[in-house]
Amino acid sequence: MNKLASLCCTLLLSASVAVPMLAHASVEGDMKAMSKALRAASSASDAAGMKAGLADLKNATLKAKTEVPGGLKDQAADSPARKTYTEGLDNVIKQVDDANALIDAGKLDEAKAAIKEINTTRKTYHKKLGV
Ligand code: HEM
């Protein structure tokens with residue numbers, strides 16, 4: 001019985017350490033996917049390639065929105081930092097939609113410029129959140 005109790009205790013302790021670590025790794029993973037997708041969209045030479053990169057970027061950004069970065073875990077959901085996080089990701093999503101609309105309108109040069117601007121949003125929000 002003692003063994004069972006200590007096994008339960010160990011399991012509980014490891015879960016309480018592992019769960020926040022997993023959640024932290026998740027935003028990192030989404031950011032890595034966003035990075036890869038943005039690179040693909042930026043370096044694509046045709047509309048189809050740009051659209052594929054943008055679709056991946058939107059999916060990874062939507063996924064990041066469902067998660068909370070490790071550094072913001074102890075902040076309330078309506079805290080300024082948490083709101084800044086959501087606001088920045090919403091900006092990226094809007095920029096992706098705008099770039100897609102430009103591609104659909106055949107304005108590839110303008111779409112390329114719009115995609116480049118997404119990198120500025122990345123820098124702005126990383127700076128705001130100190131990452
Ligand atoms: C397309 C635009 C963006 C790209 C390519 C990007 C890319 C990255 C990369 C490569 C990392 C480092 C991940 C690692 O630790 O290996 C990172 C971290 C992070 N980014 Fe972004 N990012 C973008 C936009 C944003 C925006 C708009 C926000 C906030 C509104 C944001 C918030 C964060 C946070 C909080 C971290 C730290 C994650 C953690 O360690 O918990 N990023 N990002």
# chains A, B, ... in the order shown; residues from 1 in each chain; ligands from 1
$ residues_around --residues "region 47-54 of chain A" --least-positions-apart "5" --cutoff "6 Å" --atoms "only C-alpha atoms" --output "list of chain:residue names"
A:Ala37, A:Ala40, A:Ala41
$ write_last_selection --atoms "C-alpha atoms" --output "PDB file, in the first residue's frame"
ATOM      1  CA  ALA A  37       5.688  28.716 -43.421  1.00  0.00           C
ATOM      2  CA  ALA A  40       8.142  29.294 -47.746  1.00  0.00           C
ATOM      3  CA  ALA A  41       5.621  32.052 -48.594  1.00  0.00           C
TER       4      ALA A  41
END
$ residues_near_ligand --ligand "ligand 1" --cutoff "7 Å" --atoms "only C-alpha atoms and all ligand atoms" --output "PyMOL selection string"
chain A and resi 24-25+27-29+31-32+34-35+38+57+69-71+84-89+91-92+118-119+121-122+125-126+129+131
$ closest_residue --among "A:Lys107, A:Lys83, A:Lys123, A:Lys112" --to "Ser45 (chain A)" --atoms "only C-alpha atoms"
A:Lys112
$ atom_distance --atom1 "CA of Lys65 (chain A)" --atom2 "CA of Asp30 (chain A)"
9.5 Å
$ residues_around --residues "Asp109 (chain A)" --least-positions-apart "4" --cutoff "12 Å" --atoms "only C-alpha atoms" --output "ChimeraX atom specification"
/A:42,44-47,50,99,102-103,105,113-116
$ select_by_dssp --residues "chain A" --states "helix (DSSP H, G or I)" --output "NGL selection string"
:A and (2-43 or 47-65 or 70-72 or 80-104 or 108-129)
$ atom_distance --atom1 "CA of Gln95 (chain A)" --atom2 "CA of Thr120 (chain A)"
11.0 Å
